[in-house]
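Raw run28.json, JSON, C-alpha atoms and all ligand atoms:
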```json
[["chain", "number", "residue", "atom", "x", "y", "z"],
["A", 1, "MET", "CA", -12.87, -17.85, -0.85],
["A", 2, "PRO", "CA", -12.92, -15.44, -3.80],
["A", 3, "SER", "CA", -11.11, -16.36, -6.98],
["A", 4, "ALA", "CA", -11.79, -13.87, -9.75],
["A", 5, "LEU", "CA", -9.07, -15.10, -12.09],
["A", 6, "PRO", "CA", -7.41, -18.46, -12.80],
["A", 7, "ARG", "CA", -4.64, -18.91, -10.24],
["A", 8, "LYS", "CA", -2.14, -20.32, -12.73],
["A", 9, "PRO", "CA", 0.68, -17.82, -13.35],
["A", 10, "GLU", "CA", 0.45, -17.46, -17.14],
["A", 11, "PRO", "CA", 2.62, -14.55, -18.36],
["A", 12, "GLU", "CA", -0.35, -12.41, -19.42],
["A", 13, "LEU", "CA", -1.93, -12.94, -16.01],
["A", 14, "LEU", "CA", 1.19, -11.57, -14.32],
["A", 15, "GLY", "CA", 0.75, -8.33, -16.27],
["A", 16, "GLU", "CA", -2.98, -8.24, -15.53],
["A", 17, "ARG", "CA", -2.33, -8.58, -11.81],
["A", 18, "ALA", "CA", 0.65, -6.17, -11.75],
["A", 19, "LEU", "CA", -1.56, -3.53, -13.42],
["A", 20, "GLY", "CA", -4.37, -4.31, -10.99],
["A", 21, "ALA", "CA", -1.99, -3.87, -8.05],
["A", 22, "TYR", "CA", -0.57, -0.51, -9.15],
["A", 23, "LEU", "CA", -3.90, 0.98, -10.19],
["A", 24, "GLY", "CA", -5.38, -0.50, -7.01],
["A", 25, "LEU", "CA", -2.79, 1.34, -4.92],
["A", 26, "ALA", "CA", -3.67, 4.68, -6.56],
["A", 27, "LEU", "CA", -7.43, 4.05, -6.44],
["A", 28, "GLY", "CA", -7.40, 3.08, -2.76],
["A", 29, "ASP", "CA", -5.36, 6.20, -2.01],
["A", 30, "ALA", "CA", -7.72, 8.48, -4.01],
["A", 31, "LEU", "CA", -10.84, 6.85, -2.53],
["A", 32, "GLY", "CA", -9.60, 6.86, 1.06],
["A", 33, "ALA", "CA", -8.19, 10.40, 1.06],
["A", 34, "THR", "CA", -11.73, 11.82, 0.99],
["A", 35, "VAL", "CA", -12.46, 10.39, 4.44],
["A", 36, "GLU", "CA", -8.99, 10.47, 6.03],
["A", 37, "PHE", "CA", -9.18, 11.40, 9.73],
["A", 38, "LEU", "CA", -12.98, 10.95, 9.88],
["A", 39, "THR", "CA", -14.46, 8.39, 12.27],
["A", 40, "PRO", "CA", -16.82, 5.70, 10.94],
["A", 41, "ARG", "CA", -19.72, 7.56, 12.58],
["A", 42, "GLU", "CA", -18.78, 10.85, 10.88],
["A", 43, "ILE", "CA", -18.57, 9.03, 7.54],
["A", 44, "ARG", "CA", -22.04, 7.50, 8.02],
["A", 45, "GLN", "CA", -23.43, 10.97, 8.74],
["A", 46, "GLN", "CA", -21.62, 12.74, 5.92],
["A", 47, "PHE", "CA", -22.63, 10.09, 3.35],
["A", 48, "SER", "CA", -26.16, 9.46, 4.63],
["A", 49, "ARG", "CA", -27.56, 10.18, 1.15],
["A", 50, "GLN", "CA", -25.34, 7.42, -0.29],
["A", 51, "GLY", "CA", -26.66, 4.87, 2.19],
["A", 52, "GLY", "CA", -24.14, 5.91, 4.83],
["A", 53, "LEU", "CA", -21.20, 4.66, 2.76],
["A", 54, "HIS", "CA", -18.36, 6.47, 0.99],
["A", 55, "LYS", "CA", -17.92, 4.58, -2.29],
["A", 56, "ASP", "CA", -17.04, 7.01, -5.09],
["A", 57, "ILE", "CA", -13.85, 8.85, -6.02],
["A", 58, "THR", "CA", -14.77, 12.48, -5.50],
["A", 59, "GLY", "CA", -11.69, 14.19, -4.05],
["A", 60, "GLY", "CA", -12.14, 16.67, -1.20],
["A", 61, "GLY", "CA", -11.19, 15.59, 2.30],
["A", 62, "TRP", "CA", -8.93, 17.57, 4.59],
["A", 63, "LEU", "CA", -6.40, 18.00, 1.74],
["A", 64, "HIS", "CA", -9.08, 19.50, -0.57],
["A", 65, "LEU", "CA", -8.10, 17.15, -3.37],
["A", 66, "LYS", "CA", -9.37, 17.26, -6.93],
["A", 67, "PRO", "CA", -11.50, 14.23, -7.85],
["A", 68, "GLY", "CA", -9.14, 11.35, -8.65],
["A", 69, "GLN", "CA", -6.07, 13.04, -7.15],
["A", 70, "VAL", "CA", -3.64, 10.78, -5.27],
["A", 71, "THR", "CA", -1.45, 11.52, -2.23],
["A", 72, "ASP", "CA", 1.95, 10.56, -0.81],
["A", 73, "ASP", "CA", 1.17, 6.83, -0.73],
["A", 74, "THR", "CA", 1.06, 6.71, -4.53],
["A", 75, "THR", "CA", 3.60, 9.41, -5.38],
["A", 76, "MET", "CA", 6.28, 8.05, -3.00],
["A", 77, "SER", "CA", 5.76, 4.58, -4.46],
["A", 78, "LEU", "CA", 6.19, 6.00, -7.96],
["A", 79, "ALA", "CA", 9.36, 7.85, -6.87],
["A", 80, "LEU", "CA", 10.77, 4.59, -5.48],
["A", 81, "GLY", "CA", 9.78, 2.66, -8.59],
["A", 82, "GLU", "CA", 11.57, 5.18, -10.82],
["A", 83, "ALA", "CA", 14.71, 4.85, -8.70],
["A", 84, "ILE", "CA", 14.54, 1.06, -9.00],
["A", 85, "LEU", "CA", 14.15, 1.23, -12.78],
["A", 86, "ALA", "CA", 17.09, 3.68, -13.00],
["A", 87, "SER", "CA", 19.19, 1.22, -10.92],
["A", 88, "ALA", "CA", 18.62, -1.68, -13.36],
["A", 89, "GLY", "CA", 15.92, -3.26, -11.22],
["A", 90, "GLN", "CA", 17.89, -3.13, -7.96],
["A", 91, "VAL", "CA", 16.55, -1.58, -4.75],
["A", 92, "GLU", "CA", 19.46, 0.60, -3.61],
["A", 93, "ALA", "CA", 19.53, 2.64, -0.42],
["A", 94, "LEU", "CA", 21.21, 5.79, -1.77],
["A", 95, "ALA", "CA", 19.12, 5.88, -4.97],
["A", 96, "SER", "CA", 15.95, 5.39, -2.90],
["A", 97, "ALA", "CA", 16.92, 8.16, -0.45],
["A", 98, "GLN", "CA", 17.76, 10.55, -3.30],
["A", 99, "ALA", "CA", 14.44, 9.78, -5.00],
["A", 100, "PHE", "CA", 12.50, 10.42, -1.77],
["A", 101, "ASP", "CA", 14.47, 13.61, -1.16],
["A", 102, "ALA", "CA", 13.66, 14.87, -4.67],
["A", 103, "TRP", "CA", 10.04, 13.91, -4.06],
["A", 104, "MET", "CA", 10.01, 15.97, -0.83],
["A", 105, "ARG", "CA", 11.61, 18.98, -2.58],
["A", 106, "ALA", "CA", 8.78, 18.92, -5.14],
["A", 107, "LYS", "CA", 6.37, 19.82, -2.30],
["A", 108, "PRO", "CA", 4.04, 16.82, -2.18],
["A", 109, "VAL", "CA", 0.42, 17.39, -1.18],
["A", 110, "ASP", "CA", 1.01, 15.34, 1.98],
["A", 111, "ILE", "CA", 3.99, 14.00, 3.95],
["A", 112, "GLY", "CA", 4.23, 11.94, 7.11],
["A", 113, "ASN", "CA", 6.17, 13.22, 10.13],
["A", 114, "THR", "CA", 8.56, 10.26, 10.29],
["A", 115, "VAL", "CA", 9.24, 10.47, 6.56],
["A", 116, "ARG", "CA", 10.02, 14.19, 6.80],
["A", 117, "ARG", "CA", 12.23, 13.85, 9.88],
["A", 118, "ASN", "CA", 14.33, 11.04, 8.48],
["A", 119, "LEU", "CA", 14.66, 12.61, 5.02],
["A", 120, "VAL", "CA", 15.96, 15.73, 6.77],
["A", 121, "HIS", "CA", 18.40, 13.39, 8.56],
["A", 122, "PHE", "CA", 19.50, 12.07, 5.16],
["A", 123, "ARG", "CA", 20.01, 15.61, 3.84],
["A", 124, "ARG", "CA", 22.17, 16.50, 6.82],
["A", 125, "THR", "CA", 24.25, 13.32, 7.00],
["A", 126, "GLY", "CA", 24.13, 11.73, 3.54],
["A", 127, "ILE", "CA", 23.38, 8.44, 5.30],
["A", 128, "PRO", "CA", 20.47, 6.71, 3.54],
["A", 129, "GLU", "CA", 19.39, 4.82, 6.66],
["A", 130, "ALA", "CA", 17.40, 6.26, 9.55],
["A", 131, "PRO", "CA", 18.60, 5.49, 13.09],
["A", 132, "GLU", "CA", 16.75, 2.49, 14.51],
["A", 133, "SER", "CA", 13.78, 3.73, 16.53],
["A", 134, "GLU", "CA", 11.06, 1.94, 18.44],
["A", 135, "HIS", "CA", 8.85, 4.96, 17.83],
["A", 136, "ASP", "CA", 9.08, 4.90, 14.03],
["A", 137, "ALA", "CA", 6.40, 2.19, 13.70],
["A", 138, "GLY", "CA", 4.20, 4.20, 11.35],
["A", 139, "ASN", "CA", 2.87, 2.84, 8.07],
["A", 140, "GLY", "CA", 4.97, 5.17, 5.86],
["A", 141, "ALA", "CA", 7.42, 2.51, 4.69],
["A", 142, "ILE", "CA", 4.97, -0.34, 4.11],
["A", 143, "MET", "CA", 2.83, 1.89, 1.89],
["A", 144, "ARG", "CA", 5.78, 1.67, -0.56],
["A", 145, "ALA", "CA", 5.87, -2.14, -0.67],
["A", 146, "LEU", "CA", 4.44, -2.53, -4.17],
["A", 147, "PRO", "CA", 7.39, -1.41, -6.34],
["A", 148, "VAL", "CA", 9.62, -3.73, -4.29],
["A", 149, "ALA", "CA", 7.17, -6.61, -4.74],
["A", 150, "LEU", "CA", 7.13, -6.11, -8.51],
["A", 151, "ALA", "CA", 10.89, -5.57, -8.96],
["A", 152, "THR", "CA", 11.79, -8.67, -6.92],
["A", 153, "LEU", "CA", 9.06, -10.99, -8.20],
["A", 154, "GLY", "CA", 10.57, -14.45, -8.54],
["A", 155, "GLN", "CA", 13.50, -13.82, -6.17],
["A", 156, "GLU", "CA", 14.21, -15.79, -3.00],
["A", 157, "GLU", "CA", 12.26, -14.62, 0.05],
["A", 158, "ALA", "CA", 15.43, -13.50, 1.82],
["A", 159, "GLN", "CA", 16.33, -11.24, -1.12],
["A", 160, "VAL", "CA", 12.81, -9.83, -1.23],
["A", 161, "ALA", "CA", 13.00, -9.09, 2.50],
["A", 162, "ALA", "CA", 16.40, -7.42, 2.15],
["A", 163, "ALA", "CA", 15.10, -5.24, -0.70],
["A", 164, "PHE", "CA", 12.08, -4.19, 1.35],
["A", 165, "ARG", "CA", 14.28, -3.25, 4.34],
["A", 166, "THR", "CA", 16.66, -1.25, 2.16],
["A", 167, "GLN", "CA", 13.97, 1.14, 0.95],
["A", 168, "ALA", "CA", 12.06, 1.09, 4.25],
["A", 169, "HIS", "CA", 15.04, 2.04, 6.41],
["A", 170, "VAL", "CA", 15.55, 5.30, 4.56],
["A", 171, "THR", "CA", 12.59, 6.59, 6.57],
["A", 172, "HIS", "CA", 11.49, 3.87, 9.02],
["A", 173, "ASN", "CA", 14.03, 1.66, 10.79],
["A", 174, "ASN", "CA", 11.77, -0.36, 13.02],
["A", 175, "PRO", "CA", 11.23, -4.12, 13.49],
["A", 176, "LEU", "CA", 7.41, -3.97, 13.44],
["A", 177, "SER", "CA", 7.45, -1.94, 10.23],
["A", 178, "ASP", "CA", 9.97, -4.38, 8.71],
["A", 179, "ALA", "CA", 7.98, -7.50, 9.63],
["A", 180, "GLY", "CA", 4.65, -6.06, 8.48],
["A", 181, "GLY", "CA", 6.11, -4.71, 5.25],
["A", 182, "ILE", "CA", 7.94, -7.91, 4.36],
["A", 183, "CYS", "CA", 4.76, -9.91, 5.02],
["A", 184, "LEU", "CA", 2.75, -7.52, 2.82],
["A", 185, "THR", "CA", 5.36, -7.59, 0.03],
["A", 186, "LEU", "CA", 5.35, -11.40, -0.01],
["A", 187, "MET", "CA", 1.53, -11.51, 0.06],
["A", 188, "ILE", "CA", 1.37, -9.20, -2.97],
["A", 189, "GLN", "CA", 3.86, -11.48, -4.74],
["A", 190, "ASP", "CA", 1.85, -14.58, -3.76],
["A", 191, "ALA", "CA", -1.27, -13.00, -5.24],
["A", 192, "ILE", "CA", 0.47, -12.04, -8.50],
["A", 193, "LEU", "CA", 2.04, -15.49, -8.83],
["A", 194, "GLY", "CA", -1.31, -17.22, -8.38],
["A", 195, "ALA", "CA", -0.98, -18.61, -4.84],
["A", 196, "PRO", "CA", -4.26, -19.77, -3.27],
["A", 197, "TRP", "CA", -6.31, -17.74, -0.78],
["A", 198, "THR", "CA", -5.19, -20.09, 1.99],
["A", 199, "GLY", "CA", -1.56, -19.28, 1.15],
["A", 200, "LEU", "CA", -2.11, -15.56, 1.64],
["A", 201, "LYS", "CA", -3.94, -16.23, 4.90],
["A", 202, "ALA", "CA", -1.07, -18.40, 6.11],
["A", 203, "ARG", "CA", 1.36, -15.51, 5.49],
["A", 204, "ALA", "CA", -0.77, -13.11, 7.53],
["A", 205, "ARG", "CA", -1.07, -15.69, 10.31],
["A", 206, "ALA", "CA", 2.70, -16.26, 10.34],
["A", 207, "LEU", "CA", 3.16, -12.53, 10.95],
["A", 208, "VAL", "CA", 0.94, -12.84, 14.04],
["A", 209, "THR", "CA", 3.01, -15.78, 15.27],
["A", 210, "GLN", "CA", 6.11, -13.62, 14.99],
["A", 211, "PHE", "CA", 4.51, -10.45, 16.40],
["A", 212, "PRO", "CA", 1.25, -11.20, 18.31],
["A", 213, "GLU", "CA", 0.24, -7.52, 18.33],
["A", 214, "TYR", "CA", -0.70, -7.98, 14.66],
["A", 215, "ALA", "CA", -3.60, -10.34, 15.58],
["A", 216, "TRP", "CA", -6.45, -9.58, 13.18],
["A", 217, "GLU", "CA", -8.67, -12.68, 13.45],
["A", 218, "ASN", "CA", -11.06, -13.09, 16.37],
["A", 219, "THR", "CA", -10.31, -9.56, 17.52],
["A", 220, "ARG", "CA", -12.53, -6.49, 17.47],
["A", 221, "PRO", "CA", -12.88, -4.76, 14.10],
["A", 222, "GLN", "CA", -10.06, -2.25, 13.65],
["A", 223, "GLU", "CA", -12.10, 0.93, 13.21],
["A", 224, "ASN", "CA", -10.62, 4.39, 12.88],
["A", 225, "PRO", "CA", -7.15, 2.85, 12.28],
["A", 226, "SER", "CA", -4.26, 5.15, 13.14],
["A", 227, "GLY", "CA", -1.01, 5.48, 11.21],
["A", 228, "TYR", "CA", 0.52, 2.82, 13.50],
["A", 229, "VAL", "CA", 1.63, 0.01, 11.19],
["A", 230, "VAL", "CA", -0.14, -2.60, 13.35],
["A", 231, "HIS", "CA", -3.52, -0.85, 13.22],
["A", 232, "THR", "CA", -3.09, -0.32, 9.48],
["A", 233, "LEU", "CA", -2.44, -3.96, 8.64],
["A", 234, "GLN", "CA", -5.15, -5.20, 11.03],
["A", 235, "ALA", "CA", -7.72, -3.12, 9.12],
["A", 236, "VAL", "CA", -6.29, -4.23, 5.76],
["A", 237, "PHE", "CA", -6.30, -7.95, 6.61],
["A", 238, "GLN", "CA", -9.75, -7.85, 8.20],
["A", 239, "ALA", "CA", -11.25, -6.16, 5.11],
["A", 240, "PHE", "CA", -9.37, -8.33, 2.60],
["A", 241, "PHE", "CA", -10.24, -11.70, 4.14],
["A", 242, "ALA", "CA", -13.88, -10.81, 4.92],
["A", 243, "THR", "CA", -14.93, -9.74, 1.40],
["A", 244, "ASP", "CA", -15.02, -11.27, -2.07],
["A", 245, "SER", "CA", -14.39, -8.45, -4.53],
["A", 246, "PHE", "CA", -11.96, -5.59, -5.14],
["A", 247, "GLU", "CA", -14.75, -3.07, -4.74],
["A", 248, "SER", "CA", -16.23, -4.46, -1.51],
["A", 249, "CYS", "CA", -12.92, -4.78, 0.30],
["A", 250, "LEU", "CA", -11.89, -1.22, -0.51],
["A", 251, "ILE", "CA", -15.28, 0.17, 0.51],
["A", 252, "ASP", "CA", -14.97, -1.81, 3.75],
["A", 253, "VAL", "CA", -11.53, -0.46, 4.64],
["A", 254, "VAL", "CA", -11.96, 3.22, 3.76],
["A", 255, "ASN", "CA", -15.27, 3.42, 5.64],
["A", 256, "ARG", "CA", -13.33, 2.50, 8.78],
["A", 257, "GLY", "CA", -11.98, 6.05, 8.49],
["A", 258, "GLY", "CA", -8.76, 7.03, 10.27],
["A", 259, "ASP", "CA", -5.71, 6.76, 8.02],
["A", 260, "ALA", "CA", -8.04, 5.80, 5.18],
["A", 261, "ASP", "CA", -5.85, 6.86, 2.25],
["A", 262, "THR", "CA", -3.05, 4.60, 3.42],
["A", 263, "THR", "CA", -5.23, 1.62, 4.40],
["A", 264, "GLY", "CA", -6.92, 2.11, 1.01],
["A", 265, "ALA", "CA", -3.60, 2.28, -0.86],
["A", 266, "ILE", "CA", -2.15, -0.80, 0.84],
["A", 267, "LEU", "CA", -5.29, -2.87, 0.46],
["A", 268, "GLY", "CA", -5.72, -1.58, -3.10],
["A", 269, "ALA", "CA", -2.29, -2.96, -4.03],
["A", 270, "LEU", "CA", -2.96, -6.33, -2.39],
["A", 271, "ALA", "CA", -6.52, -6.71, -3.68],
["A", 272, "GLY", "CA", -5.57, -5.44, -7.14],
["A", 273, "ALA", "CA", -2.88, -8.13, -7.26],
["A", 274, "TRP", "CA", -5.38, -10.79, -6.18],
["A", 275, "TYR", "CA", -8.42, -9.83, -8.30],
["A", 276, "GLY", "CA", -6.58, -8.34, -11.30],
["A", 277, "HIS", "CA", -7.10, -5.25, -13.41],
["A", 278, "ALA", "CA", -10.25, -6.60, -15.12],
["A", 279, "HIS", "CA", -12.13, -6.71, -11.82],
["A", 280, "ILE", "CA", -11.59, -3.07, -10.86],
["A", 281, "PRO", "CA", -14.82, -1.03, -11.15],
["A", 282, "PRO", "CA", -14.69, 1.02, -14.39],
["A", 283, "ARG", "CA", -16.20, 4.05, -12.64],
["A", 284, "TRP", "CA", -13.17, 4.20, -10.35],
["A", 285, "LEU", "CA", -10.68, 3.81, -13.20],
["A", 286, "LYS", "CA", -12.47, 6.60, -15.08],
["A", 287, "ALA", "CA", -12.26, 8.91, -12.08],
["A", 288, "LEU", "CA", -8.54, 8.41, -11.40],
["A", 289, "ASP", "CA", -6.17, 11.28, -12.23],
["A", 290, "LYS", "CA", -4.93, 10.60, -15.79],
["A", 291, "THR", "CA", -1.25, 11.39, -15.20],
["A", 292, "ALA", "CA", -1.12, 9.19, -12.09],
["A", 293, "ALA", "CA", -2.93, 6.37, -13.91],
["A", 294, "THR", "CA", -0.47, 6.46, -16.83],
["A", 295, "ARG", "CA", 2.56, 6.46, -14.53],
["A", 296, "CYS", "CA", 1.13, 3.54, -12.52],
["A", 297, "ARG", "CA", 0.43, 1.48, -15.65],
["A", 298, "ASP", "CA", 3.85, 2.14, -17.19],
["A", 299, "GLN", "CA", 5.70, 1.43, -13.98],
["A", 300, "ALA", "CA", 3.78, -1.76, -13.19],
["A", 301, "LEU", "CA", 4.74, -3.28, -16.54],
["A", 302, "SER", "CA", 8.34, -1.97, -16.52],
["A", 303, "LEU", "CA", 9.07, -3.24, -13.00],
["A", 304, "LEU", "CA", 7.50, -6.61, -13.81],
["A", 305, "ALA", "CA", 9.51, -6.88, -17.06],
["A", 306, "GLY", "CA", 12.73, -6.31, -15.10],
["A", 307, "SER", "CA", 11.95, -8.89, -12.41],
["A", 308, "PRO", "CA", 13.16, -12.50, -12.53],
["A", 309, "ALA", "CA", 9.55, -13.73, -12.96],
["A", 310, "GLY", "CA", 8.76, -11.28, -15.75],
["A", 311, "ARG", "CA", 11.87, -11.69, -17.87],
["B", 401, "MG", "MG", -1.56, 9.79, 2.03]]
```

Hey, can you dump this file as structure tokens for me?
Amino acid sequence: MPSALPRKPEPELLGERALGAYLGLALGDALGATVEFLTPREIRQQFSRQGGLHKDITGGGWLHLKPGQVTDDTTMSLALGEAILASAGQVEALASAQAFDAWMRAKPVDIGNTVRRNLVHFRRTGIPEAPESEHDAGNGAIMRALPVALATLGQEEAQVAAAFRTQAHVTHNNPLSDAGGICLTLMIQDAILGAPWTGLKARARALVTQFPEYAWENTRPQENPSGYVVHTLQAVFQAFFATDSFESCLIDVVNRGGDADTTGAILGALAGAWYGHAHIPPRWLKALDKTAATRCRDQALSLLAGSPAGR
């Protein structure tokens, strides 16, 4: 089991891991966006000169991104984080909905269908909670788990779960999304607080006990993962638990193709929290969009400083 940093939660380690998580989110997003919607076979063909693997931050992809540019996974997380900071560290439904609405008005490079539909619902009704829907089991709410994990670090699990649901339900009101997102939020917190590898694995296994469709061990590799929250977390868990470095787990997950920017962003946050900022490849940090990198760094430290564990 990989252990890049001491697991004891010294204050400076909390900052190191919070920075790793937020930069990891942006890096996974930027890395994965290049191969979003490609199949693993198409990636192997397109990157045959790099040994069949996509492993550098080069932009492009179906969104024609600049090298290092991030997408909705990062910018929606940043919008949520700003709303939390403006609400004195609290995750509030109306403030979250207004932040997402402002984000949508600013014409983001990418937006998910469920996010758009339920933000339009908010505009029409003023109600910052989407109607419950069994169909809204996309990964668009769990990709915003990180600011919640940082703001509520050190709180009781029930409070963490409630905070996750509050922001999630603005766009995704669905039990599978809730369970997956709460599990992910708590795993990111475990990693930042220095829990052992076995502790993170136990969390992911408990999710499977609750919702067996999430099974990720002893199942076929989740290749070409869709935007379905179950496929997303299966790919993320398989890559995270099968590798022993930040770099290798992200290369694993994005080369599965499919919704690669979001699997990359989610795994980047989790792995960045586990391995810490110091273990992120410098070539990736150098390639990341400078404005996004600065916002991620500032927000990681501000959210941590406002949390019970960081005060
Ligand atoms: Mg995206």

Give me, as a ChimeraX atom specification, the set of residues whose atoms come within 12 Å of any atom of ligand MG 401 (chain B), counting all atoms listed in the file. /A:25-37,61-63,65,69-77,108-113,115,139-141,143-144,227,258-266

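Coordinates place CA of Gly24 (chain A) at a distance of 16.0 Å from CA of Pro67 (chain A).
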
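Using only C-alpha atoms, the protein and nucleic acid residues lying no more than 7 Å from region 201-217 of chain A, apart from those fewer than 6 places from it along its own chain, are Cys183, Met187, Val230, Gln234, Phe237 and Gln238 of chain A.
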
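Of note, CA of Ala99 (chain A) and CA of Tyr22 (chain A) are spaced 18.7 Å apart.
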
Counting all atoms listed in the file, find the residues whose atoms lie at most 12 Å from (-11.9, 0.1, -4.5) (file coordinates) and write them out as JSON, numbers by chain. {"A": [20, 21, 23, 24, 25, 26, 27, 28, 29, 30, 31, 32, 54, 55, 56, 57, 239, 240, 243, 245, 246, 247, 248, 249, 250, 251, 252, 253, 254, 255, 260, 261, 263, 264, 265, 266, 267, 268, 269, 270, 271, 272, 275, 277, 279, 280, 281, 282, 283, 284, 285, 287, 288]}

In Å, rounded to a single decimal, give me how far CA of Ala293 (chain A) is from CA of His172 (chain A). 27.2 Å

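Residue nearest Val160 (chain A), chosen from A:Leu186, A:Ala235, A:Ala305, A:Ala83 and counting only C-alpha atoms: A:Leu186.
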
Could you give me, as number ranges by chain, the residues within 7 Å of Pro40 (chain A), counting all atoms listed in the file and dropping anything in the same chain fewer than 6 positions from it? A: 224, 255-257

Using only C-alpha atoms, pick whichever of A:Trp197, A:Phe164, A:Trp274, A:Phe100 has the shortest atom-to-atom distance to Val148 (chain A). A:Phe164

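Ranking A:Glu82, A:Asp190, A:Asp244, A:Glu223 by their shortest atom-to-atom distance to Leu153 (chain A), with all atoms listed in the file included, puts A:Asp190 first.
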
Protein and nucleic acid residues near (11.0, -14.0, 1.5) (cut-off 9 Å, all atoms listed in the file) as a PyMOL selection string: chain A and resi 155-162+182-183+185-186

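Of the residues under consideration (A:Ala242, A:Ile142, A:Arg220, A:Gly194), A:Gly194 shows the shortest atom-to-atom contact distance to Ala18 (chain A) when counting all atoms listed in the file.
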
Could you give me, as a ChimeraX atom specification, the residues within 12 Å of Gly126 (chain A), counting all atoms listed in the file and dropping anything in the same chain fewer than 4 positions from it? /A:93-95,97-98,101,118-122,130,170

Could you turn the residues from that selection into a file that holds C-alpha atoms, as a PDB file, keeping the file's coordinate frame?
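See again-v3.pdb below for the written result:
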```pdb
ATOM      1  CA  ALA A  93      19.530   2.640  -0.420  1.00  0.00           C
ATOM      2  CA  LEU A  94      21.210   5.790  -1.770  1.00  0.00           C
ATOM      3  CA  ALA A  95      19.120   5.880  -4.970  1.00  0.00           C
ATOM      4  CA  ALA A  97      16.920   8.160  -0.450  1.00  0.00           C
ATOM      5  CA  GLN A  98      17.760  10.550  -3.300  1.00  0.00           C
ATOM      6  CA  ASP A 101      14.470  13.610  -1.160  1.00  0.00           C
ATOM      7  CA  ASN A 118      14.330  11.040   8.480  1.00  0.00           C
ATOM      8  CA  LEU A 119      14.660  12.610   5.020  1.00  0.00           C
ATOM      9  CA  VAL A 120      15.960  15.730   6.770  1.00  0.00           C
ATOM     10  CA  HIS A 121      18.400  13.390   8.560  1.00  0.00           C
ATOM     11  CA  PHE A 122      19.500  12.070   5.160  1.00  0.00           C
ATOM     12  CA  ALA A 130      17.400   6.260   9.550  1.00  0.00           C
ATOM     13  CA  VAL A 170      15.550   5.300   4.560  1.00  0.00           C
TER      14      VAL A 170
END
```

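The closest residue to Ser133 (chain A), picked from A:Gly81, A:Pro175, A:Gly89, A:Pro147 and counting all atoms listed in the file, is A:Pro175.
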
Applying 12 Å and all atoms listed in the file, which residues near Ala86 (chain A) remain after dropping the ones on its own chain fewer than 5 positions away? List them as a ChimeraX atom specification. /A:79-81,91-92,95-96,98-99,151,299,302-303,306

Can I get a file of region 133-155 of chain A from the given structure, C-alpha atoms kept, as a PDB file, in the first residue's frame?
```pdb
ATOM      1  CA  SER A 133     -35.127  12.011  -9.980  1.00  0.00           C
ATOM      2  CA  GLU A 134     -33.986   8.449 -10.488  1.00  0.00           C
ATOM      3  CA  HIS A 135     -32.539   9.546 -13.827  1.00  0.00           C
ATOM      4  CA  ASP A 136     -30.265  12.260 -12.431  1.00  0.00           C
ATOM      5  CA  ALA A 137     -27.536   9.775 -11.449  1.00  0.00           C
ATOM      6  CA  GLY A 138     -24.790  11.522 -13.398  1.00  0.00           C
ATOM      7  CA  ASN A 139     -21.434  12.449 -11.884  1.00  0.00           C
ATOM      8  CA  GLY A 140     -22.031  16.234 -12.013  1.00  0.00           C
ATOM      9  CA  ALA A 141     -22.585  16.680  -8.284  1.00  0.00           C
ATOM     10  CA  ILE A 142     -19.841  14.390  -6.997  1.00  0.00           C
ATOM     11  CA  MET A 143     -17.254  16.199  -9.136  1.00  0.00           C
ATOM     12  CA  ARG A 144     -17.839  19.122  -6.716  1.00  0.00           C
ATOM     13  CA  ALA A 145     -17.095  17.132  -3.554  1.00  0.00           C
ATOM     14  CA  LEU A 146     -13.713  18.691  -2.810  1.00  0.00           C
ATOM     15  CA  PRO A 147     -14.729  22.164  -1.561  1.00  0.00           C
ATOM     16  CA  VAL A 148     -17.252  20.471   0.749  1.00  0.00           C
ATOM     17  CA  ALA A 149     -14.581  18.062   2.015  1.00  0.00           C
ATOM     18  CA  LEU A 150     -12.233  20.953   2.813  1.00  0.00           C
ATOM     19  CA  ALA A 151     -14.838  23.270   4.374  1.00  0.00           C
ATOM     20  CA  THR A 152     -16.214  20.542   6.663  1.00  0.00           C
ATOM     21  CA  LEU A 153     -12.909  18.903   7.606  1.00  0.00           C
ATOM     22  CA  GLY A 154     -13.146  17.902  11.255  1.00  0.00           C
ATOM     23  CA  GLN A 155     -16.959  17.937  11.420  1.00  0.00           C
TER      24      GLN A 155
END
```
